[in-house]
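For reference, the structure is listed below as structure tokens.
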Amino acid sequence: MITQIDVIVAIQDAEKEKVCRKAVAEKLSIQPKQIVGMRLLKSSIDARCRQVMKQLRYLVAIDEELPALEEPSANYTQLPANAARVIIVGSGPAGLFAAINCIKRGLRPIILERGKDVVARRFDLRPINCEGLVNEDSNYCFGEGGAGTFSDGKLYTRATKRGSVQEVYGCFVAHGASPDILTDAHPHIGSNKLPKVVQAMRESILAAGGEVHFNHRVTALLRSSDGKRLHGVRTANGVEWEGIATILATGHSARDIYQLLHDEGLLLERKAFAIGVRIEHPQSIIDRAQYHLSEGESRPDYLPAARYTLATKIRNRGVHSFCMCPGGFVVPAATANDEVVVNGMSLSRRNSPFSNSGFVVSVEPEDSDIYAAEYGVLSGIAYQKKLEQATAIAGGGMMRAPAQRVSDFLQKTTSESLLESSYKPGLTSYNLHDLLPEAITSRMIEGLQFFDRKLRGFAGEQAMLIGCETRTSSPVRIPRSKESLEHPELAGLYPCGEGAGYAGGIVSAALDGLRCSDAIIQP
């Protein structure tokens with residue numbers, strides 16, 4: 001008999017095969033020797049009580065062998081010389097997974113990436129952190145792998161109905177990610193390991209006959225004589241690229257692409273997004289609250305850095321944590337030199353003494369109406385940009401960010417001194433009430449007070465706010481047909497991923513890349 005079974009064991013025993021086998025046998029009311037094989041399917045931490053437990057789901061074979069497990073593979077069939085070409089704009093998760101799926105379908109992907117490969121891209125991060133200088137085509141947002149490459153590599157998603165999440169995880173494992181992501185309930189790869197995984201995916205695409213071109217920023221669309229069909233794009237260096245379809249997977253920060261589509265007269269839509277700050281704590285504060293530790297008690301080595309997810313609704317607007325990075329760093333994520341934007345990242349070990357998370361409030365399309373007369377459907381981008389420019393001024397230049405102790409934010413007073421922080425460019429004490437709209441700050445105050453009751457110390461003396469977090473998602477949606485996934489006014493254009501408004505993270509973007517590439521019909 002083959003069956004699935006869930007058991008709970010003390011977290012320090014979760015790696016002990018004998019203990020887990022005994023727990024499974026007791027749950028099934030059999031002897032441990034009757035179990036021929038056990039395969040872990042899912043693992044999650046249960047920290048609701050002081051004794052932290054681990055929930056384990058096993059596939060169990062009783063009196064017969066487990067079926068063979070198909071190992072993830074990165075070996076793809078070589079494309080024929082006459083394979084139809086598909087242009088893919090952007091090499092984030094949506095673009096990379098679309099490319100791999102094209103290869104599986106016998107289509108030749110041509111990836112055009114405005115930024116650099118992951119190795120060269122890493123060298124462009126140092127000037128941002130140390131000199132306050134942004135390479136506007138190669139930074140924390142742009143370049144091979146997209147924004148997620150240097151943002152922890154969190155793979156948790158609720159988008160389980162959009163496609164096979166396990167297929168996405170399996171592809172990452174085939175390209176070097178830890179097999180643990182196949183079973184961890186909240187998997188992550190880490191910003192130190194994800195670049196190598198992304199590089200391996202590129203090498204697989206090239207080996208099968210696909211193409212990847214860096215430093216190729218798309219600046220024009222190549223349309224049919226009647227303007228109703230897209231047959232390719234032109235890049236800034238004047239090269240024209242043609243194919244049977246173009247997948248637009250440029251991410252939520254490629255504002256020039258939205259402007260290009262707007263200038264082409266194509267339909268765009270305003271959508272909701274969120275803005276706020278990064279909230280940073282000593283990781284020990286979060287560990288103590290989540291693991292019910294006593295004052296001064298250290299987190300045991302067998303426990304990972306604690307994480308949290310917080311959400312509520314205040315006066316019809318969502319207030320929530322976003323992209324929580326346990327044992328992480330706050331990083332500068334601006335894409336232009338006149339902006340300051342903050343984001344978060346963690347390495348695979350999550351061993352920084354700090355934790356951080358976005359702490360944001362929902363922004364509805366009508367909130368940007370003050371910019372609608374000048375910017376039209378792009379008013380949400382103008383809203384973001386104006387705030388990012390004001391944040392740069394408040395920080396004082398060189399990518400320094402304005403910051404405020406949470407205790408002072410609640411009192412609406414400027415902090416006389418700031419706490420130690422992981423943000424490398426540096427912080428400037430600033431009253432964030434003078435920077436963010438009152439509709440945002442008033443909800444932040446209520447949210448801090450509410451979340452502090454849920455998570456002890458969240459709004460305490462060791463908590464600090466760092467401004468501003470503005471790139472949670474795109475303020476613009478590029479519409480597409482529900483049936484064909486093409487833009488309703490331009491056949492052959494497939495809006496895809498976060499930048500098009502159809503994803504919200506690495507895995508959901510990857511799933512959308514798979515879906516869009518599946519939708520392409522060869523002529």
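Here's how to read the names in the structure tokens: chain A, B, ... by the order shown, residue numbers from 1 in each chain, ligand numbers from 1 in the order shown.
For segment 252-257 of chain A, the non-local neighbours within 6 Å, defined as residues at least 5 positions apart in the same chain or in other chains and counting only C-alpha atoms, are A:Ser473, A:Ser474, A:Glu498, A:Gly499.
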Those selected residues, please, written with C-alpha atoms and delivered as a compact mmCIF listing (two decimals), in the first residue's frame.
# COMPACT_ATOMS: atom_id res chain seq x y z
CA SER A 473 4.27 45.85 -7.89
CA SER A 474 3.50 47.69 -11.08
CA GLU A 498 5.13 41.13 -12.87
CA GLY A 499 5.70 44.01 -15.25
Problem - Shell of 12 Å around Ile181 of chain A, only C-alpha atoms, local chain residues under 5 positions omitted, as a ChimeraX atom specification - result: /A:40-44,153-156,165-174,176,186-190,348
Practice task
as a VMD selection string, list the residues of segment 16-205 of chain A assigned to alpha helix (DSSP H) by DSSP on the backbone atoms of this structure.
Solution key: chain A and resid 17 to 28 93 to 104 118 to 123 125 to 131 165 to 174 194 to 205
Exercise for the section: Excluding Gly513 of chain A and residues on its chain fewer than 3 positions from it, collect all residues at most 6 Å away from it, counting only C-alpha atoms, and give them as a count of residues only. Expected result: 5
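If you measure from each of A:Ala334, A:Leu261, A:Cys141, A:Leu455 to Ala311 of chain A using only C-alpha atoms, the closest one turns out to be A:Leu455.
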If you take only C-alpha atoms and a cut-off of 8 Å, which residues of segment 315-374 of chain A touch segment 423-435 of chain A, and what are their nearest atom pairs and distances in Å to one decimal, in chain and number order, as JSON lines?
{"residue": "A:Phe329", "atom": "CA", "partner": "A:Tyr423", "partner_atom": "CA", "distance": 6.5}
{"residue": "A:Val330", "atom": "CA", "partner": "A:Tyr423", "partner_atom": "CA", "distance": 5.0}
{"residue": "A:Val331", "atom": "CA", "partner": "A:Tyr423", "partner_atom": "CA", "distance": 5.9}
{"residue": "A:Pro332", "atom": "CA", "partner": "A:Pro425", "partner_atom": "CA", "distance": 7.8}
